[in-house]
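Input: a single structure, listed below in structure tokens.
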Number of protein chains: 2
Amino acid sequence: MDKKISTAVAENATERRHSCEACPLRPLPVFRAFEPEELEFVSHFKRGELAVDRGATVLVEGNSSPHLYTVLSGWGFRFKLLSDGRRQILNYIMPGDLIGLQGTIMGEMQHSVEALSGLVLCVFERGKLMELYSRHPGLAYDITWLASREERMLDENLLSIGRRSAIERAAYLLAFIHERARASGLAARSRVAIPVTQQHIADTLGLSLVHTNKTLRKLVQRGMIEWRDGGCEVVDLDGLLRLSGWEGLDEGKRPLV
Amino acid sequence: MDKKISTAVAENATERRHSCEACPLRPLPVFRAFEPEELEFVSHFKRGELAVDRGATVLVEGNSSPHLYTVLSGWGFRFKLLSDGRRQILNYIMPGDLIGLQGTIMGEMQHSVEALSGLVLCVFERGKLMELYSRHPGLAYDITWLASREERMLDENLLSIGRRSAIERAAYLLAFIHERARASGLAARSRVAIPVTQQHIADTLGLSLVHTNKTLRKLVQRGMIEWRDGGCEVVDLDGLLRLSGWEGLDEGKRPLV
DNA sequence: CGCGGGGTTGAATGCCGTCAATTGAAGTGG
DNA sequence: CCACTTCAATTGACGGCATTCAACCCCGCG
């Protein structure tokens with residue numbers, strides 16, 4: 001349980017920004033179409049962009065987040081720590097995900113967020129959230145929708161950690177990440193290189209590093225995944241689904257705020 | 001892992017209803033004050049009441065929930081099942097909690113809800129939710145707040161199941177339930193009788209029934225809890241907090257929709 | 001070339017699960 | 001009122017899955 005927690009905290013917002021009207025994410029089939037006036041407000045809501053290095057901490061537990069972010073590109077994860085350093089990864093973060101809502105709405109972050117790869121975030125101003133709720137009920141509804149979706153994913157993860165065996169858990173997790181990543185446009189040629197170490201997987205599954213390694217090895221031997229240069233690739237999605245007894249991701253279109 | 005899942009599903013909404021203006025819950029110190037027009041809308045939003053018997057299933061995974069509910073009185077729990085019957089309890093439900101939001105917002109419930117005691121629910125119409133978002137941004141914000149709070153609780157539970165030992169988990173869980181129950185007005189004389197079986201605790205902690213029993217026995221021997229006539233009482237809250245390394249519930253006032 | 005991070009493996013320990021059986025309380029029907 | 005059943009709690013024995021300890025390898029980097 002020896003973790004190195006990176007201490008660099010992301011700070012500088014760059015000025016260079018993608019216009020919301022030409023958002024590279026929005027054309028993806030997973031995102032629902034927006035009305036012109038919604039798009040216009042989101043554009044107005046957006047304050048700038050934040051580029052975060054791999055390994056940097058984006059949000060820190062205990063801080064009150066000054067901003068709300070939408071992931072434009074890259075990977076990250078949410079996690080919590082116990083006082084003795086044990087770490088639990090709560091969920092992974094991918095393009096289109098909204099982060100920092102807890103801090104914005106409830107005043108203080110109860111978890112931290114770290115970048116798994118270079119990460120580009122759209123920065124929204126906390127103060128304008130009430131204006132969004134007042135003037136664009138549709139967008140407000142979307143934000144609740146996203147919060148509800150996060151809850152749904154957490155429910156799944158909780159079920160998995162609580163009730164599945166080690167190998168089932170690993171199979172579920174990798175299938176889950178793979179599916180989400182594909183839907184978020186992180187797939188190059190239908191293959192997805194998941195940029196995690198086995199320590200990340202271990203801290204997500206609630207297992208030790210050693211046992212995680214042995215479990216992953218079994219998945220490799222069964223030809224379901226491959227492990228290469230600091231990452232993981234799912235080879236046999238159906239196999240993972242069968243092994244874990246998971247139905248697969250069944251999301252329709254989602255909003256992109 | 002032998003579970004009996006009750007099959008009775010709650011059906012009939014009674015006409016008898018508490019007026020929202022004279023809501024027995026709202027005066028509690030945990031709930032934030034509402035503006036008169038908010039109260040008026042909630043009253044208009046409310047459609048009736050639903051009384052649910054102990055053991056009955058309120059919401060079923062896979063169904064699209066026709067309604068949204070706020071718990072007026074009683075205890076319940078949210079859970080998910082694996083196809084082979086393994087059950088994971090996700091969270092407990094107490095007065096003031098909003099349930100069925102997932103089904104309302106995302107179209108289909110991804111978890112089930114069962115009553116631990118007799119339960120009285122305020123029934124809200126799904127169709128009027130958009131109207132709420134349009135006409136009362138403050139209430140819309142409150143609903144997002146509540147969804148965010150649920151996410152926060154799930155994060156804590158995930159941390160606990162993933163990274164705490166059996167006895168730490170049990171200590172955390174009972175302290176958590178105790179704290180929430182006290183804040184929700186479920187305490188008679190500062191003592192709280194938690195109406196669960198050890199099977200419920202086991203399915204929450206992700207442990208077997210036998211090992212849960214042995215773990216709870218240790219907590220009893222340490223004088224931290226008592227187990228009596230189908231329920232549990234926390235005797236030494238500080239002891240549980242110390243054992244689990246949990247900071248305790250730190251919620252300010254919350255909205256009551 | 002030494003060092004550190006990440007991955008891999010074997011051995012020993014132990015926490016937790018499974019099996020099995022008992023107790024006591026509460027309900028049911030005769 | 002008493003067999004009979006059922007459910008919840010309890011306890012002991014045993015086995016196994018997962019943790020811990022301890023190496024070792026590979027590779028990129030200063």
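Naming works like this for the structure tokens: A, B, ... for the chains as they're shown, residue 1 at the start of each chain, ligands 1 onward in shown order.
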
Which neighbours of DT6 in chain D fall inside 12 Å, counting only C-alpha atoms (C1' of nucleotides), when residues of the same chain fewer than 2 positions from it are skipped, and could you give them as number ranges by chain? C: 25-28; D: 4, 8

Would you mind listing what lies within 8 Å of Gly245 in chain A as a list of chain:residue names, with only C-alpha atoms (C1' of nucleotides) counted and same-chain residues fewer than 3 positions away left out? A:Glu168, A:Tyr172, A:Leu241, A:Arg242, B:Leu82, B:Ser83

Output file for the residues above (C-alpha atoms, as a PDB file, in the first residue's frame):
ATOM      1  CA  GLU A 168     -14.963 -10.638 -11.747  1.00  0.00           C
ATOM      2  CA  TYR A 172     -16.053  -5.603 -14.877  1.00  0.00           C
ATOM      3  CA  LEU A 241     -18.705  -9.091 -19.935  1.00  0.00           C
ATOM      4  CA  ARG A 242     -19.450 -12.789 -19.644  1.00  0.00           C
TER       5      ARG A 242
ATOM      6  CA  LEU B  82     -26.238  -9.715  -9.371  1.00  0.00           C
ATOM      7  CA  SER B  83     -27.906 -12.301 -11.548  1.00  0.00           C
TER       8      SER B  83
END

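Taking only C-alpha atoms into account, chain A lies nearest to B:Ala202 out of the set B:Val196, B:Ala202, B:Leu256, B:Cys23.
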
I need the alpha helix (DSSP H) residues of range 50-246 of chain B per DSSP on the backbone, written as a PyMOL selection string. chain B and resi 101-106+129-135+137-163+166-183+198-205+209-221+237-244

Interface list for chain B, partner chain A, 9 Å threshold, only C-alpha atoms, as an MDAnalysis selection string: chainID B and resid 79:83 86:90 101:102 105:106 110:111 130 132:138 140:141 143:145 147:152 154:164 203:207 245:246

Please return, as a PyMOL selection string, all residues of chain A lying within 9 Å of chain C when only C-alpha atoms (C1' of nucleotides) are considered. chain A and resi 197-198+210+213-214+230

Restricting the output to N, CA and C atoms, write the selected residues as a PDB file, in the first residue's frame.
ATOM      1  N   THR A 197      -1.674   2.439 -14.185  1.00  0.00           N
ATOM      2  CA  THR A 197      -0.749   1.444 -13.653  1.00  0.00           C
ATOM      3  C   THR A 197      -1.584   0.405 -12.899  1.00  0.00           C
ATOM      4  N   GLN A 198      -0.956  -0.703 -12.543  1.00  0.00           N
ATOM      5  CA  GLN A 198      -1.694  -1.728 -11.806  1.00  0.00           C
ATOM      6  C   GLN A 198      -2.049  -1.231 -10.408  1.00  0.00           C
ATOM      7  N   VAL A 210      -0.210  -6.742  -5.296  1.00  0.00           N
ATOM      8  CA  VAL A 210       0.260  -8.067  -5.692  1.00  0.00           C
ATOM      9  C   VAL A 210      -0.879  -8.930  -6.224  1.00  0.00           C
ATOM     10  N   ASN A 213      -2.057  -7.818  -9.574  1.00  0.00           N
ATOM     11  CA  ASN A 213      -1.150  -8.277 -10.635  1.00  0.00           C
ATOM     12  C   ASN A 213      -1.471  -9.714 -11.049  1.00  0.00           C
ATOM     13  N   LYS A 214      -1.655 -10.571 -10.045  1.00  0.00           N
ATOM     14  CA  LYS A 214      -1.921 -11.971 -10.366  1.00  0.00           C
ATOM     15  C   LYS A 214      -3.274 -12.152 -11.054  1.00  0.00           C
ATOM     16  N   GLY A 230       2.914   0.617 -20.006  1.00  0.00           N
ATOM     17  CA  GLY A 230       2.194   1.508 -19.108  1.00  0.00           C
ATOM     18  C   GLY A 230       0.737   1.684 -19.432  1.00  0.00           C
TER      19      GLY A 230
END

Assign secondary structure with DSSP using the backbone only, and return the residues of range 35-183 of chain B in strand (DSSP E) as a ChimeraX atom specification. /B:46-52,57-59,67-73,76-81,87-93,98-99,112-115,119-125

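Comparing the minimum interatomic distances between chain D and each of A:His67, A:His18, A:His211, A:Arg191, counting only C-alpha atoms (C1' of nucleotides), we find that A:His211 sits nearest.
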
For each of B:Gly248, B:Gly231, B:Pro27, B:Gly118, take the minimum atom-to-atom distance to chain D, counting only C-alpha atoms (C1' of nucleotides), then give the residue where this is smallest. B:Gly231

Interface residues on chain D facing chain B, 12 Å, only C-alpha atoms (C1' of nucleotides), written as a PyMOL selection string: chain D and resi 7-12+19

How would the residues just chosen look if you wrote them out with N, CA and C atoms (P, O5', C5', C4', C3', O3' and C1' of nucleotides) as a CSV table (one decimal), in the first residue's frame?
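The file below, result_15.csv, is the result:
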chain,number,residue,atom,x,y,z
D,7,DC,P,-38.5,-18.3,6.6
D,7,DC,O5',-38.0,-17.0,7.4
D,7,DC,C5',-38.8,-16.3,8.3
D,7,DC,C4',-38.0,-15.7,9.4
D,7,DC,C3',-36.6,-15.2,9.0
D,7,DC,O3',-36.3,-13.9,9.4
D,7,DC,C1',-36.4,-16.6,10.9
D,8,DA,P,-35.1,-13.1,8.9
D,8,DA,O5',-34.2,-12.9,10.1
D,8,DA,C5',-34.7,-12.4,11.3
D,8,DA,C4',-33.8,-12.6,12.5
D,8,DA,C3',-32.3,-12.2,12.2
D,8,DA,O3',-31.9,-11.3,13.2
D,8,DA,C1',-32.5,-14.4,13.1
D,9,DA,P,-30.4,-10.7,13.1
D,9,DA,O5',-29.7,-11.6,14.2
D,9,DA,C5',-30.2,-11.8,15.5
D,9,DA,C4',-29.5,-12.8,16.3
D,9,DA,C3',-27.9,-12.6,16.3
D,9,DA,O3',-27.5,-12.6,17.7
D,9,DA,C1',-28.5,-14.8,15.8
D,10,DT,P,-26.0,-12.3,18.1
D,10,DT,O5',-25.4,-13.8,18.1
D,10,DT,C5',-25.9,-14.7,19.0
D,10,DT,C4',-25.2,-16.1,18.8
D,10,DT,C3',-23.7,-16.0,18.7
D,10,DT,O3',-23.2,-16.6,19.9
D,10,DT,C1',-24.6,-17.5,17.2
D,11,DT,P,-21.7,-16.4,20.4
D,11,DT,O5',-21.0,-17.7,20.0
D,11,DT,C5',-21.7,-18.9,20.2
D,11,DT,C4',-21.1,-20.1,19.4
D,11,DT,C3',-19.5,-19.9,19.3
D,11,DT,O3',-18.9,-21.0,19.9
D,11,DT,C1',-20.6,-20.6,17.2
D,12,DG,P,-17.3,-21.2,20.0
D,12,DG,O5',-17.0,-22.3,19.0
D,12,DG,C5',-17.7,-23.6,19.1
D,12,DG,C4',-17.2,-24.5,18.0
D,12,DG,C3',-15.7,-24.5,17.7
D,12,DG,O3',-15.3,-25.9,17.6
D,12,DG,C1',-16.9,-24.0,15.7
D,19,DT,P,-6.2,-8.2,-1.2
D,19,DT,O5',-5.2,-8.3,0.0
D,19,DT,C5',-5.7,-8.4,1.4
D,19,DT,C4',-4.5,-8.5,2.3
D,19,DT,C3',-3.4,-7.5,2.1
D,19,DT,O3',-3.0,-7.0,3.3
D,19,DT,C1',-2.5,-9.7,2.0

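Straight-line separation from CA of Ser19 in chain A to CA of Gly76 in chain A: 23.0 Å.
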
Residues within 7 Å of Ser117 in chain A, only C-alpha atoms (C1' of nucleotides), excluding chain neighbours under 2 positions, as a ChimeraX atom specification: /A:53-54,74-76,115,119

What would the file look like if the residues just selected were written as an mmCIF file, in the first residue's frame with N, CA and C atoms?
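Output file selection_23.cif is given in full below:
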data_model
loop_
_atom_site.group_PDB
_atom_site.id
_atom_site.type_symbol
_atom_site.label_atom_id
_atom_site.label_comp_id
_atom_site.auth_asym_id
_atom_site.auth_seq_id
_atom_site.Cartn_x
_atom_site.Cartn_y
_atom_site.Cartn_z
ATOM 1 N N ASP A 53 -1.062 18.698 -16.407
ATOM 2 C CA ASP A 53 -0.088 17.649 -16.738
ATOM 3 C C ASP A 53 -0.473 16.324 -16.108
ATOM 4 N N ARG A 54 -0.013 15.274 -16.740
ATOM 5 C CA ARG A 54 -0.178 13.937 -16.203
ATOM 6 C C ARG A 54 0.384 13.881 -14.779
ATOM 7 N N GLY A 74 -8.543 13.931 -22.497
ATOM 8 C CA GLY A 74 -7.662 13.287 -21.531
ATOM 9 C C GLY A 74 -8.384 12.429 -20.510
ATOM 10 N N TRP A 75 -7.571 11.826 -19.647
ATOM 11 C CA TRP A 75 -8.074 10.916 -18.619
ATOM 12 C C TRP A 75 -7.727 11.421 -17.228
ATOM 13 N N GLY A 76 -8.554 11.074 -16.252
ATOM 14 C CA GLY A 76 -8.250 11.392 -14.862
ATOM 15 C C GLY A 76 -9.012 10.459 -13.951
ATOM 16 N N ALA A 115 -4.888 13.845 -12.680
ATOM 17 C CA ALA A 115 -4.823 13.597 -14.122
ATOM 18 C C ALA A 115 -4.030 12.325 -14.425
ATOM 19 N N LEU A 119 -4.454 16.671 -19.611
ATOM 20 C CA LEU A 119 -5.894 16.874 -19.473
ATOM 21 C C LEU A 119 -6.184 18.313 -19.867
#
